[in-house]
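One file, target-v6.cif, is given below (mmCIF, C-alpha atoms and all ligand atoms).
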data_upload
#
loop_
_atom_site.group_PDB
_atom_site.id
_atom_site.type_symbol
_atom_site.label_atom_id
_atom_site.label_comp_id
_atom_site.auth_asym_id
_atom_site.auth_seq_id
_atom_site.Cartn_x
_atom_site.Cartn_y
_atom_site.Cartn_z
ATOM 1 C CA MET W 282 4.894 10.585 91.797
ATOM 2 C CA ARG W 283 4.550 13.261 94.436
ATOM 3 C CA ALA W 284 4.396 17.020 94.195
ATOM 4 C CA CYS W 285 6.296 19.165 96.634
ATOM 5 C CA VAL W 286 4.984 22.728 96.739
ATOM 6 C CA LEU W 287 7.174 25.487 98.144
ATOM 7 C CA PHE W 288 5.387 28.423 99.674
ATOM 8 C CA VAL W 289 6.785 31.520 101.211
ATOM 9 C CA VAL W 290 4.557 33.290 103.628
ATOM 10 C CA ILE W 291 5.136 36.567 105.375
ATOM 11 C CA ILE W 292 3.826 36.904 108.852
ATOM 12 C CA SER W 293 3.889 40.529 109.681
ATOM 13 C CA GLY W 294 2.877 41.484 113.123
ATOM 14 C CA SER W 295 1.984 44.944 114.170
ATOM 15 C CA CYS W 296 2.173 44.695 117.924
ATOM 16 C CA PHE W 297 1.876 47.428 120.467
ATOM 17 C CA LEU W 298 4.690 47.472 122.995
ATOM 18 C CA SER W 299 2.430 49.009 125.545
ATOM 19 C CA PRO W 300 -0.660 47.337 126.945
ATOM 20 C CA SER W 301 -2.504 50.601 126.345
ATOM 21 C CA LEU W 302 -3.816 50.842 122.793
ATOM 22 C CA SER W 303 -4.008 54.627 123.059
ATOM 23 C CA GLU W 304 -0.216 54.816 123.377
ATOM 24 C CA LYS W 305 1.172 56.550 120.360
ATOM 25 C CA PHE W 306 4.686 57.719 121.160
ATOM 26 C CA PHE W 307 7.695 55.669 122.175
ATOM 27 C CA VAL W 308 10.864 57.089 123.681
ATOM 28 C CA ILE W 309 14.069 55.489 122.455
ATOM 29 C CA LYS W 310 16.697 56.263 125.069
ATOM 30 C CA ASN W 311 19.742 55.193 123.040
ATOM 31 C CA ALA W 312 21.143 58.499 121.813
ATOM 32 C CA ALA W 313 21.382 58.890 118.041
ATOM 33 C CA ASN W 314 21.798 61.727 115.574
ATOM 34 C CA TRP W 315 18.590 62.879 113.888
ATOM 35 C CA ASN W 316 19.074 60.864 110.672
ATOM 36 C CA ASP W 317 19.828 57.612 112.491
ATOM 37 C CA ALA W 318 16.882 58.242 114.784
ATOM 38 C CA GLN W 319 14.631 58.756 111.750
ATOM 39 C CA ASN W 320 15.889 55.531 110.128
ATOM 40 C CA HIS W 321 15.288 53.522 113.285
ATOM 41 C CA CYS W 322 11.777 54.906 113.738
ATOM 42 C CA ARG W 323 10.904 54.174 110.105
ATOM 43 C CA GLU W 324 12.229 50.652 110.405
ATOM 44 C CA LYS W 325 10.625 49.676 113.693
ATOM 45 C CA TYR W 326 7.651 52.009 114.018
ATOM 46 C CA THR W 327 6.116 54.478 111.581
ATOM 47 C CA ASP W 328 8.382 57.530 111.782
ATOM 48 C CA LEU W 329 9.849 60.088 114.151
ATOM 49 C CA ALA W 330 7.136 61.735 116.238
ATOM 50 C CA SER W 331 4.848 64.237 114.501
ATOM 51 C CA VAL W 332 2.930 66.640 116.700
ATOM 52 C CA THR W 333 -0.102 68.028 114.937
ATOM 53 C CA ASN W 334 -2.593 68.769 117.728
ATOM 54 C CA MET W 335 -2.846 69.602 121.429
ATOM 55 C CA GLU W 336 -3.519 65.974 122.316
ATOM 56 C CA ASP W 337 -0.130 65.027 120.837
ATOM 57 C CA LEU W 338 1.518 67.757 122.914
ATOM 58 C CA LYS W 339 -0.080 66.355 126.069
ATOM 59 C CA LEU W 340 1.112 62.842 125.228
ATOM 60 C CA LEU W 341 4.636 64.177 124.692
ATOM 61 C CA HIS W 342 4.497 65.888 128.071
ATOM 62 C CA GLN W 343 3.632 62.556 129.688
ATOM 63 C CA LEU W 344 6.805 61.034 128.258
ATOM 64 C CA GLY W 345 8.908 63.201 130.532
ATOM 65 C CA PRO W 346 8.652 66.976 130.747
ATOM 66 C CA SER W 347 12.318 67.552 131.583
ATOM 67 C CA GLN W 348 13.642 65.172 128.937
ATOM 68 C CA ILE W 349 15.291 66.246 125.732
ATOM 69 C CA PHE W 350 14.566 64.229 122.606
ATOM 70 C CA TRP W 351 14.376 64.537 118.852
ATOM 71 C CA LEU W 352 11.055 65.094 117.148
ATOM 72 C CA GLY W 353 10.383 64.634 113.439
ATOM 73 C CA LEU W 354 10.376 68.361 112.629
ATOM 74 C CA TYR W 355 13.201 69.526 110.377
ATOM 75 C CA GLY W 356 14.072 72.557 108.282
ATOM 76 C CA ASP W 357 13.712 71.792 104.594
ATOM 77 C CA THR W 358 16.519 73.609 102.819
ATOM 78 C CA LYS W 359 15.554 72.516 99.308
ATOM 79 C CA GLU W 360 11.922 73.430 98.883
ATOM 80 C CA GLU W 361 10.653 76.590 97.234
ATOM 81 C CA TRP W 362 8.600 77.736 100.179
ATOM 82 C CA LYS W 363 5.186 79.251 99.839
ATOM 83 C CA TRP W 364 3.797 82.116 101.866
ATOM 84 C CA LYS W 365 0.579 81.491 103.720
ATOM 85 C CA TRP W 366 -1.675 83.188 106.234
ATOM 86 C CA SER W 367 -1.852 82.069 109.839
ATOM 87 C CA VAL W 368 -5.655 81.820 109.732
ATOM 88 C CA GLU W 369 -5.472 79.324 106.850
ATOM 89 C CA GLU W 370 -4.324 76.750 109.431
ATOM 90 C CA GLN W 371 -7.523 77.216 111.382
ATOM 91 C CA ASP W 372 -10.086 77.973 108.711
ATOM 92 C CA SER W 373 -9.872 76.497 105.222
ATOM 93 C CA SER W 374 -12.509 78.941 103.952
ATOM 94 C CA MET W 375 -10.042 81.813 104.416
ATOM 95 C CA VAL W 376 -8.382 81.508 101.041
ATOM 96 C CA ASP W 377 -5.257 83.454 100.118
ATOM 97 C CA THR W 378 -6.179 85.975 97.417
ATOM 98 C CA GLY W 379 -2.519 86.351 96.505
ATOM 99 C CA TYR W 380 -2.525 90.063 97.346
ATOM 100 C CA ARG W 381 0.924 91.260 98.477
ATOM 101 C CA ASN W 382 2.332 94.706 99.161
ATOM 102 C CA TRP W 383 6.035 93.963 99.571
ATOM 103 C CA ASP W 384 8.463 96.849 99.913
ATOM 104 C CA VAL W 385 11.160 97.216 97.240
ATOM 105 C CA ASP W 386 13.549 94.207 97.232
ATOM 106 C CA GLU W 387 11.341 92.344 99.696
ATOM 107 C CA PRO W 388 10.885 89.575 100.672
ATOM 108 C CA ASN W 389 14.609 88.977 100.957
ATOM 109 C CA GLY W 390 14.752 86.014 103.380
ATOM 110 C CA GLY W 391 16.026 83.976 100.448
ATOM 111 C CA GLN W 392 16.752 80.276 100.779
ATOM 112 C CA ASN W 393 17.388 80.580 104.495
ATOM 113 C CA TYR W 394 16.025 77.682 106.524
ATOM 114 C CA ASN W 395 14.513 79.988 109.092
ATOM 115 C CA ARG W 396 10.847 80.787 109.367
ATOM 116 C CA PHE W 397 10.033 84.174 107.986
ATOM 117 C CA CYS W 398 7.109 86.299 109.015
ATOM 118 C CA THR W 399 5.720 89.534 107.706
ATOM 119 C CA ILE W 400 5.577 92.985 109.239
ATOM 120 C CA MET W 401 3.566 95.891 107.935
ATOM 121 C CA PHE W 402 5.004 99.425 108.063
ATOM 122 C CA PRO W 403 2.933 102.584 108.631
ATOM 123 C CA ASP W 404 3.133 103.353 104.889
ATOM 124 C CA GLY W 405 1.434 99.991 104.228
ATOM 125 C CA THR W 406 4.466 98.202 102.773
ATOM 126 C CA TRP W 407 5.532 94.768 103.950
ATOM 127 C CA GLN W 408 8.884 93.212 104.824
ATOM 128 C CA ASP W 409 9.878 89.715 105.865
ATOM 129 C CA GLU W 410 11.714 89.208 109.154
ATOM 130 C CA PRO W 411 12.785 86.181 111.205
ATOM 131 C CA CYS W 412 9.727 85.151 113.218
ATOM 132 C CA ASP W 413 11.625 85.240 116.526
ATOM 133 C CA TRP W 414 12.148 89.013 116.296
ATOM 134 C CA VAL W 415 9.697 91.083 118.323
ATOM 135 C CA ASN W 416 7.080 93.569 117.150
ATOM 136 C CA PRO W 417 3.595 94.799 118.046
ATOM 137 C CA VAL W 418 0.825 92.671 116.583
ATOM 138 C CA LEU W 419 -2.166 93.242 114.315
ATOM 139 C CA CYS W 420 -5.078 90.953 115.209
ATOM 140 C CA TYR W 421 -8.504 90.734 113.588
ATOM 141 C CA LYS W 422 -11.809 89.563 114.996
ATOM 142 C CA GLY W 423 -14.538 88.032 112.854
ATOM 143 C CA ASP W 424 -14.240 90.168 109.733
ATOM 144 C CA PRO W 425 -10.717 90.743 108.289
ATOM 145 C CA SER W 426 -11.414 94.489 108.213
ATOM 146 C CA ASN W 427 -12.039 94.515 111.986
ATOM 147 C CA VAL W 428 -8.401 94.877 113.042
ATOM 148 C CA THR W 429 -6.841 95.832 116.371
ATOM 149 C CA LEU W 430 -3.246 96.883 117.003
ATOM 150 C CA VAL W 431 -1.821 95.223 120.116
ATOM 151 C CA ALA W 432 1.188 97.344 121.029
ATOM 152 C CA ASP W 433 1.366 97.084 124.817
ATOM 153 C CA LYS W 434 4.400 94.845 124.403
ATOM 154 C CA TYR W 435 6.578 93.474 121.645
ATOM 155 C CA TYR W 436 5.937 89.876 120.692
ATOM 156 C CA THR W 437 7.601 87.194 118.594
ATOM 157 C CA TRP W 438 5.326 86.246 115.721
ATOM 158 C CA ASN W 439 4.365 82.955 117.426
ATOM 159 C CA TYR W 440 3.466 84.658 120.698
ATOM 160 C CA GLY W 441 1.559 87.299 118.779
ATOM 161 C CA ARG W 442 -0.379 84.636 116.875
ATOM 162 C CA ASP W 443 -1.279 82.817 120.121
ATOM 163 C CA LEU W 444 -2.387 86.103 121.655
ATOM 164 C CA CYS W 445 -4.555 86.945 118.625
ATOM 165 C CA ARG W 446 -6.096 83.478 118.631
ATOM 166 C CA SER W 447 -6.933 83.592 122.325
ATOM 167 C CA THR W 448 -8.508 87.059 122.378
ATOM 168 C CA TYR W 449 -9.424 87.723 118.741
ATOM 169 C CA THR W 450 -9.718 85.439 115.705
ATOM 170 C CA ASP W 451 -6.161 85.395 114.368
ATOM 171 C CA LEU W 452 -3.335 87.569 113.114
ATOM 172 C CA ALA W 453 -4.447 90.039 110.448
ATOM 173 C CA ILE W 454 -5.116 88.686 106.951
ATOM 174 C CA VAL W 455 -4.847 91.238 104.156
ATOM 175 C CA LYS W 456 -6.937 90.330 101.129
ATOM 176 C CA ASP W 457 -6.744 93.440 99.003
ATOM 177 C CA GLN W 458 -5.524 97.046 98.707
ATOM 178 C CA PRO W 459 -8.524 98.644 100.527
ATOM 179 C CA THR W 460 -7.974 96.317 103.514
ATOM 180 C CA ASN W 461 -4.259 97.124 103.434
ATOM 181 C CA ASP W 462 -5.011 100.868 103.415
ATOM 182 C CA LEU W 463 -7.439 100.450 106.310
ATOM 183 C CA ILE W 464 -4.986 98.484 108.435
ATOM 184 C CA SER W 465 -2.015 100.723 107.737
ATOM 185 C CA GLN W 466 -4.012 103.711 109.031
ATOM 186 C CA ILE W 467 -4.141 102.270 112.547
ATOM 187 C CA LEU W 468 -0.394 101.628 112.706
ATOM 188 C CA ILE W 469 0.630 105.237 113.499
ATOM 189 C CA TYR W 470 4.447 105.223 113.514
ATOM 190 C CA LYS W 471 4.550 101.588 114.519
ATOM 191 C CA ARG W 472 5.372 98.486 112.536
ATOM 192 C CA ALA W 473 3.535 95.271 113.416
ATOM 193 C CA TRP W 474 3.215 91.592 112.563
ATOM 194 C CA ILE W 475 0.521 90.452 110.164
ATOM 195 C CA GLY W 476 -0.422 86.797 109.614
ATOM 196 C CA LEU W 477 1.661 86.075 106.502
ATOM 197 C CA TYR W 478 4.528 83.642 107.031
ATOM 198 C CA ARG W 479 6.727 81.205 105.195
ATOM 199 C CA GLU W 480 7.172 77.818 106.786
ATOM 200 C CA SER W 481 10.382 75.983 105.993
ATOM 201 C CA TRP W 482 9.848 73.382 108.697
ATOM 202 C CA LYS W 483 8.407 70.009 107.810
ATOM 203 C CA TRP W 484 7.460 66.812 109.577
ATOM 204 C CA SER W 485 9.479 63.757 108.715
ATOM 205 C CA ASP W 486 6.313 61.795 107.838
ATOM 206 C CA GLY W 487 4.941 64.552 105.585
ATOM 207 C CA SER W 488 2.230 65.766 107.992
ATOM 208 C CA ASN W 489 1.247 69.416 107.601
ATOM 209 C CA VAL W 490 2.782 71.781 110.131
ATOM 210 C CA THR W 491 -0.396 72.853 111.909
ATOM 211 C CA LEU W 492 1.072 73.561 115.312
ATOM 212 C CA THR W 493 4.491 74.470 116.659
ATOM 213 C CA ASN W 494 5.670 74.829 120.218
ATOM 214 C CA TRP W 495 8.949 76.705 119.829
ATOM 215 C CA ALA W 496 10.576 78.075 122.957
ATOM 216 C CA HIS W 497 11.011 81.839 123.084
ATOM 217 C CA HIS W 498 13.377 83.049 120.335
ATOM 218 C CA GLN W 499 13.393 79.649 118.663
ATOM 219 C CA PRO W 500 14.099 78.571 115.997
ATOM 220 C CA SER W 501 17.282 80.591 115.832
ATOM 221 C CA GLY W 502 20.806 80.443 114.498
ATOM 222 C CA ASP W 503 22.561 80.660 111.184
ATOM 223 C CA GLY W 504 20.845 77.807 109.385
ATOM 224 C CA THR W 505 23.100 74.942 110.489
ATOM 225 C CA ALA W 506 20.687 73.764 113.163
ATOM 226 C CA ILE W 507 17.748 72.395 111.231
ATOM 227 C CA CYS W 508 16.534 69.554 113.446
ATOM 228 C CA THR W 509 14.059 69.941 116.273
ATOM 229 C CA ALA W 510 14.281 68.693 119.827
ATOM 230 C CA SER W 511 11.697 68.913 122.574
ATOM 231 C CA PHE W 512 13.138 70.154 125.860
ATOM 232 C CA ASN W 513 11.066 71.055 128.907
ATOM 233 C CA ASP W 514 7.966 70.698 126.721
ATOM 234 C CA GLU W 515 9.174 73.386 124.332
ATOM 235 C CA TRP W 516 10.959 73.020 121.033
ATOM 236 C CA MET W 517 14.376 74.178 119.984
ATOM 237 C CA ASN W 518 16.337 73.793 116.781
ATOM 238 C CA MET W 519 19.638 71.975 117.127
ATOM 239 C CA ASN W 520 22.467 70.635 115.027
ATOM 240 C CA CYS W 521 21.219 67.349 113.514
ATOM 241 C CA HIS W 522 24.480 65.544 114.340
ATOM 242 C CA THR W 523 23.897 65.895 118.079
ATOM 243 C CA PRO W 524 23.249 62.501 119.688
ATOM 244 C CA LEU W 525 19.952 62.605 121.583
ATOM 245 C CA SER W 526 17.216 60.270 122.738
ATOM 246 C CA TYR W 527 14.251 60.407 120.386
ATOM 247 C CA VAL W 528 10.553 59.748 120.077
ATOM 248 C CA CYS W 529 9.021 57.454 117.477
ATOM 249 C CA TYR W 530 5.320 57.102 116.815
ATOM 250 C CA GLY W 531 3.118 54.408 115.409
ATOM 251 C CA ASP W 532 2.897 50.704 116.011
ATOM 252 C CA TYR W 533 5.873 48.573 116.799
ATOM 253 C CA ILE W 534 6.234 46.425 113.700
ATOM 254 C CA GLU W 535 7.886 43.076 113.679
ATOM 255 C CA GLN W 536 8.015 41.174 110.432
ATOM 256 C CA LYS W 537 8.873 37.525 110.047
ATOM 257 C CA VAL W 538 9.215 35.552 106.849
ATOM 258 C CA VAL W 539 8.464 31.861 107.084
ATOM 259 C CA LYS W 540 9.130 29.404 104.296
ATOM 260 C CA VAL W 541 6.404 26.828 103.922
ATOM 261 C CA VAL W 542 6.787 23.506 102.144
ATOM 262 C CA VAL W 543 3.683 21.488 101.397
ATOM 263 C CA ARG W 544 3.668 17.952 100.174
ATOM 264 C CA VAL W 545 0.698 16.827 98.132
ATOM 265 C CA SER W 546 0.072 13.541 96.432
ATOM 266 C CA GLU W 547 -1.638 14.967 93.349
ATOM 267 C CA PRO W 548 0.691 16.945 90.967
ATOM 268 C CA SER W 549 -2.218 18.668 89.184
ATOM 269 C CA VAL W 550 -3.413 20.310 92.387
ATOM 270 C CA ASP W 551 -5.021 23.755 91.933
ATOM 271 C CA MET W 552 -2.266 25.977 93.345
ATOM 272 C CA ILE W 553 -4.367 29.107 93.806
ATOM 273 C CA LYS W 554 -7.047 27.216 95.670
ATOM 274 C CA LEU W 555 -4.441 25.486 97.759
ATOM 275 C CA GLN W 556 -2.596 28.655 98.743
ATOM 276 C CA ASP W 557 -5.843 30.473 99.546
ATOM 277 C CA GLY W 558 -7.077 27.600 101.680
ATOM 278 C CA LEU W 559 -3.758 27.306 103.465
ATOM 279 C CA LEU W 560 -3.608 31.027 104.209
ATOM 280 C CA GLU W 561 -7.117 30.903 105.615
ATOM 281 C CA GLU W 562 -6.132 28.015 107.855
ATOM 282 C CA LEU W 563 -2.989 29.845 109.040
ATOM 283 C CA ARG W 564 -5.056 32.948 109.823
ATOM 284 C CA LYS W 565 -7.443 30.892 111.903
ATOM 285 C CA ARG W 566 -4.587 29.371 113.837
ATOM 286 C CA MET W 567 -2.951 32.765 114.417
ATOM 287 C CA ALA W 568 -6.272 34.123 115.672
ATOM 288 C CA ASN W 569 -6.481 31.303 118.195
ATOM 289 C CA LEU W 570 -3.051 32.142 119.603
ATOM 290 C CA ASN W 571 -4.403 35.298 121.306
ATOM 291 C CA ILE W 572 -1.380 37.372 120.304
ATOM 292 C CA ASP W 573 -1.398 40.829 121.859
ATOM 293 C CA GLY W 574 -1.643 43.353 119.028
ATOM 294 C CA MET W 575 -2.638 43.175 115.396
ATOM 295 C CA VAL W 576 -1.156 40.457 113.252
ATOM 296 C CA THR W 577 -1.439 40.248 109.504
ATOM 297 C CA ILE W 578 -0.372 37.324 107.394
ATOM 298 C CA ARG W 579 0.061 37.128 103.636
ATOM 299 C CA TRP W 580 1.942 35.268 100.958
ATOM 300 C CA ARG W 581 5.055 36.820 99.536
ATOM 301 C CA LYS W 582 5.358 36.751 95.772
ATOM 302 C CA GLN W 583 8.674 35.596 94.408
ATOM 303 C CA LEU W 584 10.663 37.392 91.716
ATOM 304 C CA ASP W 585 8.706 35.734 88.900
ATOM 305 C CA GLY W 586 5.425 36.879 90.430
ATOM 306 C CA ASN W 587 4.424 33.453 91.698
ATOM 307 C CA VAL W 588 3.843 32.691 95.331
ATOM 308 C CA PHE W 589 5.207 29.152 95.068
ATOM 309 C CA HIS W 590 7.141 26.824 92.846
ATOM 310 C CA LYS W 591 6.196 23.262 92.197
ATOM 311 C CA LYS W 592 8.783 20.532 92.308
ATOM 312 C CA ILE W 593 7.863 17.058 91.209
ATOM 313 C CA HIS W 594 9.734 14.157 92.726
ATOM 314 C CA ASN W 595 9.584 10.542 91.708
ATOM 315 C CA ASN W 596 10.323 8.971 95.018
ATOM 316 C CA ALA W 597 10.561 9.639 98.675
ATOM 317 C CA ARG W 598 14.391 9.469 98.776
ATOM 318 C CA GLU W 599 14.717 12.390 96.362
ATOM 319 C CA GLU W 600 12.287 14.381 98.462
ATOM 320 C CA GLU W 601 14.465 13.882 101.486
ATOM 321 C CA GLU W 602 17.541 15.045 99.586
ATOM 322 C CA HIS W 603 15.780 18.233 98.509
ATOM 323 C CA GLY W 604 14.711 18.975 102.024
ATOM 324 C CA CYS W 605 11.078 18.584 101.141
ATOM 325 C CA ARG W 606 9.462 17.424 104.339
HETATM 326 CA CA CA K 701 13.256 91.409 104.809
#
Please express what this file holds, its structure, as structure tokens.
Ligand SMILES: [Ca+2]
Amino acid sequence: MRACVLFVVIISGSCFLSPSLSEKFFVIKNAANWNDAQNHCREKYTDLASVTNMEDLKLLHQLGPSQIFWLGLYGDTKEEWKWKWSVEEQDSSMVDTGYRNWDVDEPNGGQNYNRFCTIMFPDGTWQDEPCDWVNPVLCYKGDPSNVTLVADKYYTWNYGRDLCRSTYTDLAIVKDQPTNDLISQILIYKRAWIGLYRESWKWSDGSNVTLTNWAHHQPSGDGTAICTASFNDEWMNMNCHTPLSYVCYGDYIEQKVVKVVVRVSEPSVDMIKLQDGLLEELRKRMANLNIDGMVTIRWRKQLDGNVFHKKIHNNAREEEEHGCR
């Protein structure tokens, strides 16, 4: 009597396409709409590209500054968006107190996909406006009560935020009524951006939106263009059905399933011990192959939860007929 043990093993390789291990992004030149691009990236890599720091932006630039390609940023039209302060992105100790001084019937951006940002009026009331509109800017330095009005030009909220961050600390954060009164006194007939905004844009892989690189007056439109493309190093919102090249990130993943049949002479063999020993042996052999990239290997459990099924055959002829070699 002989036992024929059927194993199924998954060899899943996570191999870098590039010889450089620091490579993170991969351009896929075959044009696809945003959804198809996302599916392909999730299948073969990790996801569509997320850009969460300056290093990512530099890597994107290296892919081709004049190229246009999809990124993973999209406008979420379903979520109940929360308001937050610009400085919260930079400093987690700056907690939102929840103080608001909205004007009557404000905010009224509603369930519009667009980003909305907040302006303060000379009477101290607030209104929401699309972030690509232009206004003077209220920046603070160090202490939130140390506020400066920058009114030499009119800025989009993003440009205003960058200006505040480069010369001051950030856009103004208003924690309470006394601070609001103080800030409104320096406005004098002008209205100006403060740091409160509502972000409806999300990264496909769930990363926090910590950095955006919108071109001037972007994102824009009527809410039908809720996917983001990088063009000339800056971002623009476009209709998701547009076929474009795209950028995936992560490791190139190739998965292979190999069926393993083991013939043993003793039917009462300890299956767990056998499968563990075999896996160890396979790992050693894979390691000796010097495959470029990271390779993992594991058993795949079958529907009944077992890794393998045992078949007992009485003679060699029957084994042949069952394909047990
Ligand atoms: Ca409004």
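Shortest atom-to-atom contact with Lys456 of chain W among W:Lys434, W:Arg381, W:His594, W:His522: W:Arg381, counting all atoms listed in the file.
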Contacts of segment 436-445 of chain W at 9 Å (only C-alpha atoms; same-chain gap of 3+ positions) as a PyMOL selection string: chain W and resi 367+398-399+411-422+431-432+448-453+474-476+493-495+497-498
Nearest to Asp457 of chain W, chosen from W:Gly353, W:Gly405, W:Gly558, W:Gly379, with all atoms listed in the file counted in the distances: W:Gly379
Test item: residues no farther than 7 Å from ligand CA 701 (chain K), counting only C-alpha atoms and all ligand atoms, as a list in words: Glu387, Pro388, Asn389, Gly390, Gln408, Asp409 and Glu410 of chain W
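In this structure, atom CA of Met519 of chain W sits 6.2 Å away from atom CA of Ile507 of chain W.
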Explicit residue set for the PyMOL selection byres (((chain W and resi 352) around 8) and not hetatm), as a list in words: Leu329, Ala330, Ser331, Phe350, Trp351, Gly353, Leu354, Cys508, Thr509, Ala510, Ser511, Tyr527, Val528 and Cys529 of chain W
Spatial neighbours of Leu463 of chain W, max dist 10 Å, all atoms listed in the file, sep filter under 6 positions, as a ChimeraX atom specification: /W:405,426-428,455
Output check: residues returned by the PyMOL selection byres (((chain W and resi 514) around 12) and not hetatm), as an NGL selection string: :W and (332 or 337-352 or 493-496 or 510-513 or 515-517)
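Using the PyMOL selection byres (((chain W and resi 484) around 8) and not hetatm) on the file at hand returns these residues: Ser331, Gly353, Leu354, Tyr355, Trp482, Lys483, Ser485, Asp486, Gly487, Ser488, Asn489 and Val490 of chain W.
One distance worth recording is that between atom CA of Lys554 of chain W and atom CA of Val588 of chain W, which is 12.2 Å.
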Computed interatomic separation between atom CA of Gln458 of chain W and atom CA of Glu370 of chain W (Å): 23.0 Å
Residues within 9 Å of Ala313 of chain W, all atoms listed in the file, excluding chain neighbours under 4 positions, as a ChimeraX atom specification: /W:317-318,522-527
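With only C-alpha atoms as the atoms that count, the minimum distance from Asn334 of chain W to the choices W:Met375, W:Leu492, W:Val308, W:Leu555 is reached by W:Leu492.
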Write out as AutoDock Vina command-line options an axis-aligned box for segment 553-559 of chain W: all of its atoms listed in the file, 3 Å added on each side, centre and edge lengths in Å with one decimal.
--center_x -4.8 --center_y 28.0 --center_z 98.6 --size_x 10.5 --size_y 11.0 --size_z 15.7
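Residue nearest Asp357 of chain W, chosen from W:Asp377, W:Glu480, W:Asp328, W:Glu562 and counting all atoms listed in the file: W:Glu480.
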